[in-house]
Structure formats: structure tokens, C-alpha cells
$ cat my_file.csv   # CSV, C-alpha atoms
chain,number,residue,atom,x,y,z
A,282,MET,CA,-11.9,151.9,49.6
A,283,ILE,CA,-12.2,153.4,46.1
A,284,SER,CA,-14.7,156.4,46.0
A,285,TYR,CA,-17.9,156.1,44.0
A,286,ALA,CA,-16.7,159.0,41.7
A,287,TRP,CA,-13.7,157.0,40.8
A,288,ARG,CA,-15.7,153.8,40.3
A,289,LEU,CA,-17.7,155.8,37.7
A,290,ASN,CA,-14.5,157.0,36.1
A,291,ILE,CA,-13.4,153.4,35.7
A,292,ALA,CA,-16.8,152.3,34.5
A,293,ALA,CA,-16.7,155.1,31.8
A,294,MET,CA,-13.3,153.9,30.7
A,295,LEU,CA,-14.4,150.2,30.5
A,296,PHE,CA,-17.7,151.2,28.8
A,297,PHE,CA,-15.9,152.9,25.9
A,298,THR,CA,-13.1,150.3,25.8
A,299,PHE,CA,-15.7,147.6,25.1
A,300,VAL,CA,-17.7,149.8,22.7
A,301,GLN,CA,-14.5,150.6,20.7
A,302,VAL,CA,-13.6,146.9,20.6
A,303,VAL,CA,-16.6,146.5,18.3
A,304,VAL,CA,-17.2,149.7,16.5
A,305,PRO,CA,-14.1,149.6,14.1
A,306,LEU,CA,-14.9,146.0,13.2
A,307,ILE,CA,-18.5,146.6,12.0
A,308,PRO,CA,-17.7,147.9,8.5
A,309,ARG,CA,-15.3,145.0,7.9
A,310,TYR,CA,-17.9,142.5,9.2
A,311,ALA,CA,-20.6,144.1,6.9
A,312,VAL,CA,-18.3,143.5,4.0
A,313,VAL,CA,-17.8,139.8,5.0
A,314,ILE,CA,-21.5,139.2,5.0
A,315,GLY,CA,-21.9,140.8,1.6
A,316,ALA,CA,-23.4,144.2,2.4
A,317,GLN,CA,-23.2,146.9,-0.4
A,318,PRO,CA,-21.4,150.2,0.2
A,319,PHE,CA,-24.6,152.3,0.6
A,320,LEU,CA,-26.0,150.0,3.2
A,321,ILE,CA,-22.7,149.8,5.0
A,322,GLY,CA,-22.8,153.6,5.2
A,323,LEU,CA,-26.4,153.6,6.4
A,324,ALA,CA,-25.4,151.1,9.1
A,325,ILE,CA,-22.6,153.3,10.3
A,326,SER,CA,-24.7,156.4,10.3
A,327,SER,CA,-27.7,154.9,12.0
A,328,ILE,CA,-26.0,155.2,15.4
A,329,SER,CA,-25.8,158.9,15.1
A,330,ILE,CA,-29.4,159.2,14.1
A,331,ALA,CA,-30.5,157.1,17.0
A,332,ALA,CA,-28.3,159.1,19.4
A,333,ILE,CA,-29.6,162.5,18.2
A,334,ILE,CA,-33.2,161.3,18.9
A,335,THR,CA,-32.4,159.7,22.2
A,336,ARG,CA,-30.0,162.0,23.9
A,337,PRO,CA,-32.5,164.7,25.0
A,338,ILE,CA,-34.8,162.0,26.4
A,339,GLY,CA,-31.9,160.5,28.3
A,340,GLY,CA,-30.8,163.9,29.6
A,341,ILE,CA,-34.3,164.7,30.9
A,342,LEU,CA,-34.6,161.3,32.6
A,343,SER,CA,-31.2,161.7,34.1
A,344,ASP,CA,-32.3,164.9,35.8
A,345,LYS,CA,-35.8,163.8,36.7
A,346,TRP,CA,-35.1,160.2,37.7
A,347,SER,CA,-31.5,158.8,38.2
A,348,ARG,CA,-28.2,159.2,36.5
A,349,ARG,CA,-27.0,155.9,37.9
A,350,LYS,CA,-30.0,154.0,36.5
A,351,LEU,CA,-29.6,155.6,33.1
A,352,MET,CA,-26.0,154.5,33.0
A,353,ILE,CA,-27.0,151.0,33.9
A,354,ILE,CA,-29.8,150.9,31.2
A,355,GLY,CA,-27.4,152.4,28.6
A,356,THR,CA,-24.8,149.7,29.4
A,357,ILE,CA,-27.5,147.0,29.1
A,358,PHE,CA,-28.7,148.4,25.7
A,359,ALA,CA,-25.1,148.3,24.4
A,360,SER,CA,-24.6,144.8,25.6
A,361,ILE,CA,-27.9,143.6,23.9
A,362,ALA,CA,-26.8,145.5,20.7
A,363,TYR,CA,-23.6,143.5,20.5
A,364,PHE,CA,-25.3,140.2,21.2
A,365,ILE,CA,-27.7,140.9,18.3
A,366,LEU,CA,-24.7,141.8,16.2
A,367,SER,CA,-23.1,138.4,17.0
A,368,ILE,CA,-26.2,136.6,15.6
A,369,SER,CA,-26.7,138.9,12.6
A,370,ASN,CA,-26.3,137.5,9.0
A,371,ASP,CA,-27.6,140.5,7.1
A,372,VAL,CA,-27.2,144.3,7.1
A,373,ASN,CA,-30.7,144.9,8.4
A,374,THR,CA,-29.8,143.2,11.7
A,375,ILE,CA,-26.6,145.2,11.8
A,376,ILE,CA,-28.6,148.4,11.5
A,377,ILE,CA,-30.9,147.2,14.4
A,378,SER,CA,-27.8,146.5,16.5
A,379,ARG,CA,-26.4,150.0,15.7
A,380,ILE,CA,-29.7,151.7,16.6
A,381,LEU,CA,-29.7,149.9,20.0
A,382,GLU,CA,-26.0,150.8,20.4
A,383,GLY,CA,-26.8,154.5,19.7
A,384,ILE,CA,-29.6,154.4,22.3
A,385,GLY,CA,-27.2,152.9,24.8
A,386,VAL,CA,-24.5,155.5,24.3
A,387,ALA,CA,-27.1,158.3,24.3
A,388,LEU,CA,-28.3,157.2,27.7
A,389,PHE,CA,-24.9,156.5,29.2
A,390,VAL,CA,-22.9,159.6,28.1
A,391,PRO,CA,-25.0,162.6,29.4
A,392,SER,CA,-25.5,160.9,32.8
A,393,SER,CA,-21.8,160.0,33.0
A,394,ILE,CA,-20.7,163.6,32.3
A,395,ALA,CA,-23.3,165.0,34.7
A,396,SER,CA,-22.3,162.6,37.4
A,397,ALA,CA,-18.7,163.8,37.2
A,398,ILE,CA,-20.0,167.3,38.1
A,399,ASP,CA,-22.2,166.0,40.8
A,400,TYR,CA,-19.3,164.4,42.7
A,401,ALA,CA,-16.7,167.2,41.9
A,402,PRO,CA,-15.2,169.0,44.9
A,403,GLU,CA,-16.1,172.7,45.2
A,404,GLY,CA,-14.3,174.8,42.6
A,405,ARG,CA,-12.8,171.7,40.8
A,406,ILE,CA,-15.5,170.9,38.2
A,407,GLY,CA,-13.0,171.3,35.3
A,408,GLU,CA,-10.5,169.0,37.0
A,409,ALA,CA,-13.3,166.3,37.5
A,410,LEU,CA,-14.3,166.6,33.9
A,411,GLY,CA,-10.7,166.3,32.9
A,412,TRP,CA,-10.3,163.0,34.8
A,413,ARG,CA,-13.6,161.7,33.3
A,414,SER,CA,-12.5,162.8,29.8
A,415,LEU,CA,-9.1,161.1,30.4
A,416,MET,CA,-10.7,157.8,31.3
A,417,ILE,CA,-13.0,157.9,28.3
A,418,GLY,CA,-10.0,158.8,26.1
A,419,ILE,CA,-8.1,155.7,27.4
A,420,GLY,CA,-11.1,153.6,26.5
A,421,PHE,CA,-11.1,155.0,22.9
A,422,SER,CA,-7.3,154.3,22.7
A,423,ILE,CA,-7.3,150.7,24.1
A,424,GLY,CA,-10.6,149.5,22.5
A,425,PRO,CA,-9.7,149.4,18.8
A,426,ALA,CA,-6.4,147.6,19.4
A,427,LEU,CA,-8.0,145.1,21.7
A,428,GLY,CA,-10.8,144.5,19.2
A,429,GLY,CA,-8.2,143.9,16.4
A,430,ILE,CA,-6.4,141.4,18.5
A,431,LEU,CA,-9.5,139.5,19.6
A,432,SER,CA,-11.0,139.4,16.0
A,433,GLU,CA,-7.7,138.1,14.6
A,434,LEU,CA,-7.6,135.3,17.3
A,435,LEU,CA,-11.3,134.5,17.7
A,436,GLY,CA,-13.1,135.9,14.7
A,437,TYR,CA,-15.8,138.6,14.6
A,438,ILE,CA,-18.7,136.6,16.2
A,439,ARG,CA,-16.8,135.6,19.3
A,440,THR,CA,-15.4,139.1,19.7
A,441,PHE,CA,-18.9,140.6,19.6
A,442,ILE,CA,-20.1,138.1,22.2
A,443,ILE,CA,-17.1,138.8,24.5
A,444,ALA,CA,-17.8,142.6,24.3
A,445,SER,CA,-21.4,142.0,25.1
A,446,ILE,CA,-20.5,139.9,28.2
A,447,LEU,CA,-17.8,142.4,29.4
A,448,LEU,CA,-20.2,145.3,29.2
A,449,ILE,CA,-22.5,143.5,31.7
A,450,GLY,CA,-19.4,143.0,33.9
A,451,ILE,CA,-19.0,146.7,34.5
A,452,LEU,CA,-22.5,147.1,36.1
A,453,PRO,CA,-21.2,146.4,39.7
A,454,LEU,CA,-19.0,149.5,39.4
A,455,ILE,CA,-22.1,151.7,38.6
A,456,ILE,CA,-24.5,150.1,41.1
A,457,SER,CA,-24.4,151.8,44.5
A,458,ARG,CA,-26.5,152.2,47.6
A,459,GLU,CA,-25.3,155.8,48.1
A,460,MET,CA,-28.0,158.4,47.8
A,461,GLU,CA,-27.5,160.3,44.5
A,462,PRO,CA,-26.6,164.0,45.2
A,463,HIS,CA,-28.5,165.4,42.3
A,464,TYR,CA,-32.2,164.5,42.8
A,465,SER,CA,-34.1,167.6,41.7
A,466,SER,CA,-37.4,169.2,42.3
A,467,SER,CA,-40.3,168.4,40.1
A,468,LYS,CA,-39.8,171.6,38.1
A,469,MET,CA,-37.0,171.3,35.6
A,470,SER,CA,-35.1,174.3,34.4
A,471,PHE,CA,-34.2,174.9,30.7
A,472,SER,CA,-32.7,178.3,31.2
A,473,GLY,CA,-29.2,176.9,30.7
A,474,LEU,CA,-30.0,176.6,27.0
A,475,ARG,CA,-29.9,180.5,26.8
A,476,ASP,CA,-26.6,180.8,28.7
A,477,MET,CA,-24.1,182.2,26.3
A,478,ARG,CA,-21.4,180.0,27.8
A,479,PHE,CA,-23.4,176.9,26.9
A,480,ILE,CA,-24.3,178.3,23.4
A,481,LEU,CA,-20.7,179.1,22.6
A,482,ALA,CA,-19.4,175.7,23.9
A,483,LEU,CA,-22.1,173.8,21.9
A,484,MET,CA,-21.3,175.7,18.7
A,485,SER,CA,-17.6,175.2,19.2
A,486,LEU,CA,-18.2,171.4,19.6
A,487,ILE,CA,-20.3,171.2,16.4
A,488,ILE,CA,-17.7,173.2,14.4
A,489,HIS,CA,-14.9,171.0,15.8
A,490,SER,CA,-16.8,167.8,15.0
A,491,VAL,CA,-17.6,168.9,11.5
A,492,ALA,CA,-13.9,169.7,10.8
A,493,TRP,CA,-12.5,166.7,12.5
A,494,MET,CA,-14.8,164.0,11.1
A,495,GLY,CA,-14.3,165.6,7.6
A,496,VAL,CA,-10.5,165.5,8.0
A,497,LEU,CA,-10.4,162.0,9.5
A,498,THR,CA,-12.6,160.6,6.7
A,499,PHE,CA,-10.8,162.1,3.8
A,500,LEU,CA,-7.3,162.2,5.1
A,501,SER,CA,-7.6,158.4,5.3
A,502,ALA,CA,-8.9,158.2,1.7
A,503,TYR,CA,-6.3,160.7,0.5
A,504,LEU,CA,-3.4,158.6,2.0
A,505,LYS,CA,-5.0,155.5,0.4
A,506,ILE,CA,-5.0,157.1,-3.0
A,507,LEU,CA,-1.3,158.1,-2.6
A,508,GLY,CA,-0.4,154.5,-1.8
A,509,TYR,CA,-0.1,154.5,2.0
A,510,GLY,CA,-1.5,151.6,4.0
A,511,ASP,CA,-3.7,151.3,7.0
A,512,LEU,CA,-0.7,151.6,9.4
A,513,GLU,CA,-0.1,155.3,8.5
A,514,ILE,CA,-3.5,156.6,9.2
A,515,GLY,CA,-3.6,154.3,12.3
A,516,LEU,CA,-0.4,155.9,13.6
A,517,PHE,CA,-1.9,159.4,12.9
A,518,VAL,CA,-4.9,158.6,15.1
A,519,THR,CA,-2.9,156.9,17.8
A,520,ILE,CA,-0.4,159.7,18.2
A,521,GLN,CA,-3.0,162.4,18.6
A,522,ALA,CA,-5.1,160.3,21.0
A,523,SER,CA,-2.0,159.5,23.2
A,524,ILE,CA,-0.8,163.1,23.4
A,525,SER,CA,-4.3,164.3,24.2
A,526,LEU,CA,-4.6,161.9,27.2
A,527,ILE,CA,-1.5,163.4,28.8
A,528,ILE,CA,-3.0,166.9,28.8
A,529,ARG,CA,-6.6,166.5,29.7
A,530,VAL,CA,-6.5,166.7,33.5
A,531,PHE,CA,-4.1,169.7,33.4
A,532,ALA,CA,-6.4,171.4,30.9
A,533,GLY,CA,-9.4,170.7,33.1
A,534,ARG,CA,-7.7,172.4,36.1
A,535,ALA,CA,-6.9,175.4,34.0
A,536,SER,CA,-10.5,175.6,32.7
A,537,ASP,CA,-11.8,176.0,36.2
A,538,ILE,CA,-10.2,179.5,36.1
A,539,ARG,CA,-10.6,180.6,32.5
A,540,PRO,CA,-12.8,178.2,30.5
A,541,PHE,CA,-13.4,180.7,27.6
A,542,PHE,CA,-9.7,181.2,27.0
A,543,THR,CA,-8.7,177.5,27.4
A,544,THR,CA,-11.4,176.4,25.0
A,545,ALA,CA,-10.3,179.1,22.5
A,546,LEU,CA,-6.7,178.0,23.0
A,547,GLY,CA,-7.6,174.4,22.2
A,548,LEU,CA,-9.4,175.4,19.0
A,549,LEU,CA,-6.5,177.6,18.0
A,550,ILE,CA,-4.0,174.7,18.3
A,551,ILE,CA,-6.4,172.4,16.5
A,552,SER,CA,-6.6,175.0,13.7
A,553,ILE,CA,-2.8,175.1,13.5
A,554,SER,CA,-2.7,171.3,13.2
A,555,TYR,CA,-5.1,171.5,10.2
A,556,PHE,CA,-2.8,174.0,8.6
A,557,ALA,CA,0.1,171.6,9.3
A,558,ILE,CA,-1.9,168.7,7.6
A,559,TYR,CA,-2.3,170.9,4.5
A,560,ILE,CA,1.3,171.8,4.4
A,561,LEU,CA,3.0,168.6,5.5
A,562,GLU,CA,0.5,166.3,3.7
A,563,VAL,CA,2.1,162.9,4.0
A,564,PRO,CA,4.0,160.8,6.6
A,565,PRO,CA,6.3,161.0,8.4
A,566,LEU,CA,6.1,164.8,8.7
A,567,LEU,CA,2.3,164.4,8.9
A,568,TYR,CA,2.8,162.9,12.3
A,569,PHE,CA,4.0,166.3,13.6
A,570,ALA,CA,0.5,167.6,12.7
A,571,SER,CA,-1.0,164.7,14.6
A,572,LEU,CA,1.1,165.7,17.7
A,573,ILE,CA,-0.2,169.3,17.5
A,574,PHE,CA,-3.8,168.1,17.1
A,575,GLY,CA,-3.4,165.9,20.2
A,576,ILE,CA,-2.3,168.9,22.2
A,577,GLY,CA,-5.2,171.0,20.9
A,578,ILE,CA,-7.9,168.3,21.5
A,579,GLY,CA,-6.5,167.5,25.0
A,580,ILE,CA,-7.1,171.2,25.9
A,581,PHE,CA,-10.3,171.6,24.1
A,582,ILE,CA,-12.4,168.7,25.3
A,583,PRO,CA,-12.4,169.3,29.1
A,584,SER,CA,-12.4,173.0,28.6
A,585,SER,CA,-15.4,173.0,26.4
A,586,GLN,CA,-17.3,170.7,28.8
A,587,THR,CA,-16.5,173.0,31.7
A,588,LEU,CA,-17.6,176.0,29.8
A,589,ALA,CA,-20.9,174.4,28.8
A,590,LEU,CA,-21.8,172.7,32.1
A,591,ALA,CA,-19.9,174.1,35.1
A,592,HIS,CA,-22.6,176.6,35.9
A,593,ALA,CA,-25.6,174.3,35.1
A,594,SER,CA,-28.0,173.8,37.9
A,595,SER,CA,-28.3,170.3,39.4
A,596,ASN,CA,-31.7,169.8,37.9
A,597,SER,CA,-30.5,170.5,34.3
A,598,ARG,CA,-27.0,169.0,34.1
A,599,GLY,CA,-28.2,165.8,32.5
A,600,PHE,CA,-30.3,167.5,29.9
A,601,LEU,CA,-27.7,170.1,29.0
A,602,SER,CA,-25.1,167.3,28.8
A,603,SER,CA,-27.3,165.5,26.3
A,604,ILE,CA,-27.8,168.6,24.1
A,605,TYR,CA,-24.1,169.4,24.4
A,606,THR,CA,-22.9,165.9,23.4
A,607,MET,CA,-25.5,166.0,20.5
A,608,GLY,CA,-23.1,168.4,18.9
A,609,MET,CA,-20.8,165.5,18.2
A,610,ASP,CA,-23.6,163.6,16.4
A,611,VAL,CA,-24.5,166.7,14.3
A,612,GLY,CA,-20.8,167.1,13.4
A,613,ASN,CA,-20.4,163.5,12.6
A,614,LEU,CA,-23.3,163.7,10.1
A,615,ILE,CA,-22.4,167.0,8.5
A,616,GLY,CA,-18.6,166.9,8.3
A,617,PRO,CA,-18.0,163.9,6.0
A,618,ILE,CA,-20.9,164.9,3.7
A,619,THR,CA,-19.9,168.6,3.4
A,620,LEU,CA,-16.2,168.0,2.9
A,621,GLY,CA,-16.9,165.2,0.6
A,622,ALA,CA,-19.0,167.5,-1.7
A,623,ILE,CA,-16.2,170.1,-1.7
A,624,ILE,CA,-13.5,167.5,-2.5
A,625,GLU,CA,-15.5,165.8,-5.2
A,626,ARG,CA,-15.9,169.2,-7.0
A,627,HIS,CA,-12.6,170.9,-6.2
A,628,GLY,CA,-10.1,168.2,-5.1
A,629,TYR,CA,-8.5,167.2,-1.8
A,630,ARG,CA,-6.0,170.1,-1.5
A,631,LEU,CA,-8.7,172.8,-1.6
A,632,GLY,CA,-10.9,170.8,0.8
A,633,PHE,CA,-8.0,170.5,3.3
A,634,SER,CA,-7.2,174.2,2.9
A,635,ILE,CA,-10.7,175.3,4.0
A,636,VAL,CA,-10.9,173.2,7.2
A,637,PRO,CA,-8.5,175.1,9.4
A,638,PHE,CA,-10.6,178.3,9.2
A,639,LEU,CA,-13.5,176.6,11.0
A,640,PRO,CA,-11.9,176.1,14.4
A,641,LEU,CA,-9.9,179.3,13.9
A,642,THR,CA,-13.1,181.4,13.5
A,643,SER,CA,-14.6,179.7,16.6
A,644,SER,CA,-11.5,180.3,18.6
A,645,ILE,CA,-11.5,184.0,17.8
A,646,LEU,CA,-15.1,184.4,18.7
A,647,LEU,CA,-14.6,182.6,22.0
A,648,PHE,CA,-11.5,184.6,22.9
A,649,LEU,CA,-13.2,188.0,22.1
A,650,TYR,CA,-16.3,187.1,24.1
A,651,GLY,CA,-14.2,185.9,27.0
A,652,LEU,CA,-12.2,189.1,26.9
A,653,MET,CA,-15.3,191.2,26.9
A,654,LYS,CA,-16.8,189.2,29.8
A,655,SER,CA,-13.7,189.4,31.9
A,656,ARG,CA,-13.6,193.2,31.5
A,657,LYS,CA,-17.2,193.4,32.6
A,658,ASP,CA,-16.5,191.3,35.7

$ encode --input "my_file.csv" --output "C-alpha cells"
Amino acid sequence: MISYAWRLNIAAMLFFTFVQVVVPLIPRYAVVIGAQPFLIGLAISSISIAAIITRPIGGILSDKWSRRKLMIIGTIFASIAYFILSISNDVNTIIISRILEGIGVALFVPSSIASAIDYAPEGRIGEALGWRSLMIGIGFSIGPALGGILSELLGYIRTFIIASILLIGILPLIISREMEPHYSSSKMSFSGLRDMRFILALMSLIIHSVAWMGVLTFLSAYLKILGYGDLEIGLFVTIQASISLIIRVFAGRASDIRPFFTTALGLLIISISYFAIYILEVPPLLYFASLIFGIGIGIFIPSSQTLALAHASSNSRGFLSSIYTMGMDVGNLIGPITLGAIIERHGYRLGFSIVPFLPLTSSILLFLYGLMKSRKD
């Protein structure tokens, strides 16, 4: 019989598969119903705003109440969001749907990450996080393609309804009669927020998210200006995502031993990939940069999670996971705006030349701190 830990791995994969079925279609659907560009942007950003507000609440409830129940509620919220999306006929309803989706993701993700640590064997937290990260990555890889196929065959409305129903279908994987191993005392500890490992991991995630969301947004626009179609940027994303999946479990195992150095290595390789983007610029050579980025992100994600959360006490894992994952939301908000302002004033080439130094600086700081800490130990 499959273990509960692996049932949660599969549930995480399916959750993000069905979420990613819908997410790439929302801007196109908004155009179809006549939404203006500003309101489309507001609809897309509303999920990050909702997630930033909700994540700490979800994290605290995860530690004080139940990770399993938070994952169930988060899944239900996402399902309701896509049902509302299926009956929407204006951008205001889309925004309401996105807010509910943001709440659902914010409740599901911290509890999912914390539960991976709860059920990890002794000394193998990084490996457990690597497997959970791998399963989530598979969901991100499969979902958009599945959504594209369904929308072509059935249209947007039916696709949203199918995603809503399929999300409810994963609940049996999460529901369990097993006693949860993390129930905590009434007193909750916030001391992990002062742990330098957590602080450095959080800052590295924010810096990575700022750089990546800026690059992804404007590399797509730059290729469009140069006359390349949707296929080229799609291949860039697919290549890096596929390569990263191969590496995540191995990186997780390595991060159990030296999380500072594996996180720094991931950021260094990501920095190299951004230099490659600047130099190679256009397909097909640009795909070599995508391959390098995939290696870097495959190392960085499980390593950074291990660095942030491996030493968290059982009564603070959910909360710390929520604050840590909030780094992605912050980066998603800041990255496109900041790089957009630079590019608007100084052009794409200068904008792309600045980006590599963000993960490079973070990598150097992590490596130096890790070296200092290892000498003390």
C-alpha cells in the first residue's frame, strides 16, 4: 500500500497540474471577453496580493491546527475559484476568481512543504523536499500543455469546469485517518525567523524570483519584437523545466549535507545562465542558456527549502514555510515592474546585462557565510 507521504506527493503534483491547466489560459480568456490591458494585468497580479496576505495565516493554522485540513481547504478554494471563472463574463468576476485561487494556493503550499518534512526519515529532509519539489515541478510541466489541448478541443469554459472537478478528485489522496505527527503545543515559536539560515534562504528566494520573473516577462517580449513566435519562448521554458526535474532529488540529497553550498551553487549556475541569455540572445543558441538555467534551478529549489526549513521546530514549520514561499510572491510583484522600468529607460540589452549580478551576489554571500560557519563548526 502506498505510504501517506507519497500520497501527498501525488496530491501536490495533481494540485499544481490542474492549477496550471487554468493559469496560462486566463489572460487569453480575459481578452476574449473584452478586458482592457490594465485590468488584465490587475487580474493576473491579484493572485499574488491575495497569497501574500493569506500565507502567514495559513502557516500559523497549519502549525496550530492541521496541515492536512489546510491542504483540503486550499484545494476546495481553488476548485471554487475555477467554477466561478467558468461562469464569469467580466473582468471583475475573473479578479474574484483569482483572489480565491490565491487563497487556495496560499493555504495549500506551506502545509504541503511542511508535511514533506514531517514525514521525512531522519537525516533525509533535503531528499524528501527534493521529491516534493520534483512532483510539483511535474505538475507545472504537464499542466499548461494539458490546458492548451483541452481548451483547443472543448473551449475555455469547459476546461475551467473540468479543472474544478478534477481538483475535488484529489481530496481522497489527502484525507487520512492517520494521526498527524506535527501537532504542537499551544505556544508557538517564531524564533526561526531570526535564524540566519532561514533569513539567507528567504533573501535568496526573493532575489531569484525578482530576476527570473523579470527575465521571463521581458525575454518573451523581446523575442516577440524580434519576430519570434510563441513556440520559441515555450521551448525555452519547457527545456529548463524538464532539465530541473531530473536534478531535484539528487540536489535534495546533497543539501542534507551542505545546504549553504548547494544553494550557492544553484544561484551561481542560474547567474551563468543569465549571462548566457545576454550573450546568446536568440534561438537556437538561447536554448543552451535554458539548459544551464534548468540545472541551476533544479539545484537551487530543494537546497534553498532545506536551508530554510530543515532545522525548523515542528510547531513552526508551517508558518516558516508560509513566510519563505511568500518570497516568490514578492519577487513576482517586484521583478517585472523593476526590470520593465529599466528596459523602458535604457533598453532590453542593458536590462538583461544587470540581471545576472542579482543571483551572483546572493551566491557569493551564501558561500562566504557557509564557509565561515563550517570553519566554526

$ atom_distance --input "my_file.csv" --atom1 "CA of Thr335 (chain A)" --atom2 "CA of Val386 (chain A)"
9.2 Å

$ closest_residue --input "my_file.csv" --among "A:Gly340, A:Glu513, A:Ala332, A:Pro308" --to "Ser597 (chain A)" --atoms "only C-alpha atoms"
A:Gly340

$ atom_distance --input "my_file.csv" --atom1 "CA of Leu454 (chain A)" --atom2 "CA of Leu289 (chain A)"
6.7 Å

$ closest_atom_pairs --input "my_file.csv" --of "region 553-651 of chain A" --to "region 479-484 of chain A" --cutoff "12 Å" --atoms "all atoms listed in the file" --output "CSV"
residue,atom,partner,partner_atom,distance
A:Phe581,CA,A:Ala482,CA,10.0
A:Ile582,CA,A:Ala482,CA,10.0
A:Pro583,CA,A:Ala482,CA,10.8
A:Ser584,CA,A:Ala482,CA,8.9
A:Ser585,CA,A:Ala482,CA,5.4
A:Gln586,CA,A:Ala482,CA,7.3
A:Thr587,CA,A:Ala482,CA,8.7
A:Leu588,CA,A:Ala482,CA,6.2
A:Ala589,CA,A:Phe479,CA,4.0
A:Leu590,CA,A:Phe479,CA,6.9
A:Ala591,CA,A:Phe479,CA,9.3
A:His592,CA,A:Phe479,CA,9.0
A:Ala593,CA,A:Phe479,CA,8.9
A:Arg598,CA,A:Phe479,CA,11.3
A:Leu601,CA,A:Phe479,CA,8.3
A:Ser602,CA,A:Phe479,CA,9.9
A:Ser603,CA,A:Leu483,CA,10.7
A:Ile604,CA,A:Leu483,CA,8.0
A:Tyr605,CA,A:Leu483,CA,5.4
A:Thr606,CA,A:Leu483,CA,8.1
A:Met607,CA,A:Leu483,CA,8.6
A:Gly608,CA,A:Leu483,CA,6.3
A:Met609,CA,A:Leu483,CA,9.2
A:Asp610,CA,A:Leu483,CA,11.7
A:Val611,CA,A:Met484,CA,10.5
A:Gly612,CA,A:Met484,CA,10.1
A:Leu639,CA,A:Met484,CA,11.0
A:Pro640,CA,A:Met484,CA,10.3
A:Thr642,CA,A:Met484,CA,11.3
A:Ser643,CA,A:Met484,CA,8.1
A:Ser644,CA,A:Leu481,CA,10.1
A:Ile645,CA,A:Leu481,CA,11.5
A:Leu646,CA,A:Leu481,CA,8.6
A:Leu647,CA,A:Leu481,CA,7.1
A:Phe648,CA,A:Leu481,CA,10.7
A:Leu649,CA,A:Leu481,CA,11.6
A:Tyr650,CA,A:Leu481,CA,9.3
A:Gly651,CA,A:Leu481,CA,10.4

$ atom_distance --input "my_file.csv" --atom1 "CA of Ser536 (chain A)" --atom2 "CA of Glu408 (chain A)"
7.9 Å

$ residues_around --input "my_file.csv" --residues "Gly575 (chain A)" --least-positions-apart "2" --cutoff "6 Å" --atoms "all atoms listed in the file" --output "list in words"
Gln521, Ala522, Ile524, Ser525, Leu572, Ile573, Gly577, Ile578 and Gly579 of chain A

$ closest_residue --input "my_file.csv" --among "A:Ile338, A:Pro617, A:Ser554, A:Gly547" --to "Ser634 (chain A)" --atoms "all atoms listed in the file"
A:Ser554

$ residues_around --input "my_file.csv" --residues "region 290-294 of chain A" --least-positions-apart "4" --cutoff "7 Å" --atoms "all atoms listed in the file" --output "list in words"
Ala286, Thr298, Arg413, Met416, Ile417, Ile419, Gly420, Ile451, Leu454 and Ile455 of chain A

$ residues_around --input "my_file.csv" --residues "Arg309 (chain A)" --least-positions-apart "5" --cutoff "12 Å" --atoms "only C-alpha atoms" --output "PyMOL selection string"
chain A and resi 303-304+314-318+321-322+324-325+372+375+429+432+436-437

$ closest_residue --input "my_file.csv" --among "A:Leu295, A:Leu388, A:Val636, A:Ile357" --to "Gly339 (chain A)" --atoms "all atoms listed in the file"
A:Leu388

$ closest_residue --input "my_file.csv" --among "A:Arg626, A:Arg288, A:Arg478, A:Arg336" --to "Ser396 (chain A)" --atoms "all atoms listed in the file"
A:Arg288

$ closest_residue --input "my_file.csv" --among "A:Pro564, A:Gly383, A:Gly628, A:Gly621" --to "Tyr509 (chain A)" --atoms "only C-alpha atoms"
A:Pro564

$ closest_residue --input "my_file.csv" --among "A:Ala359, A:Leu504, A:Ile580, A:Ile328" --to "Leu549 (chain A)" --atoms "all atoms listed in the file"
A:Ile580

$ residues_around --input "my_file.csv" --residues "Pro305 (chain A)" --least-positions-apart "6" --cutoff "12 Å" --atoms "all atoms listed in the file" --output "number ranges by chain"
A: 298-299, 311, 325, 421-422, 424-429, 432, 437, 440-441, 515
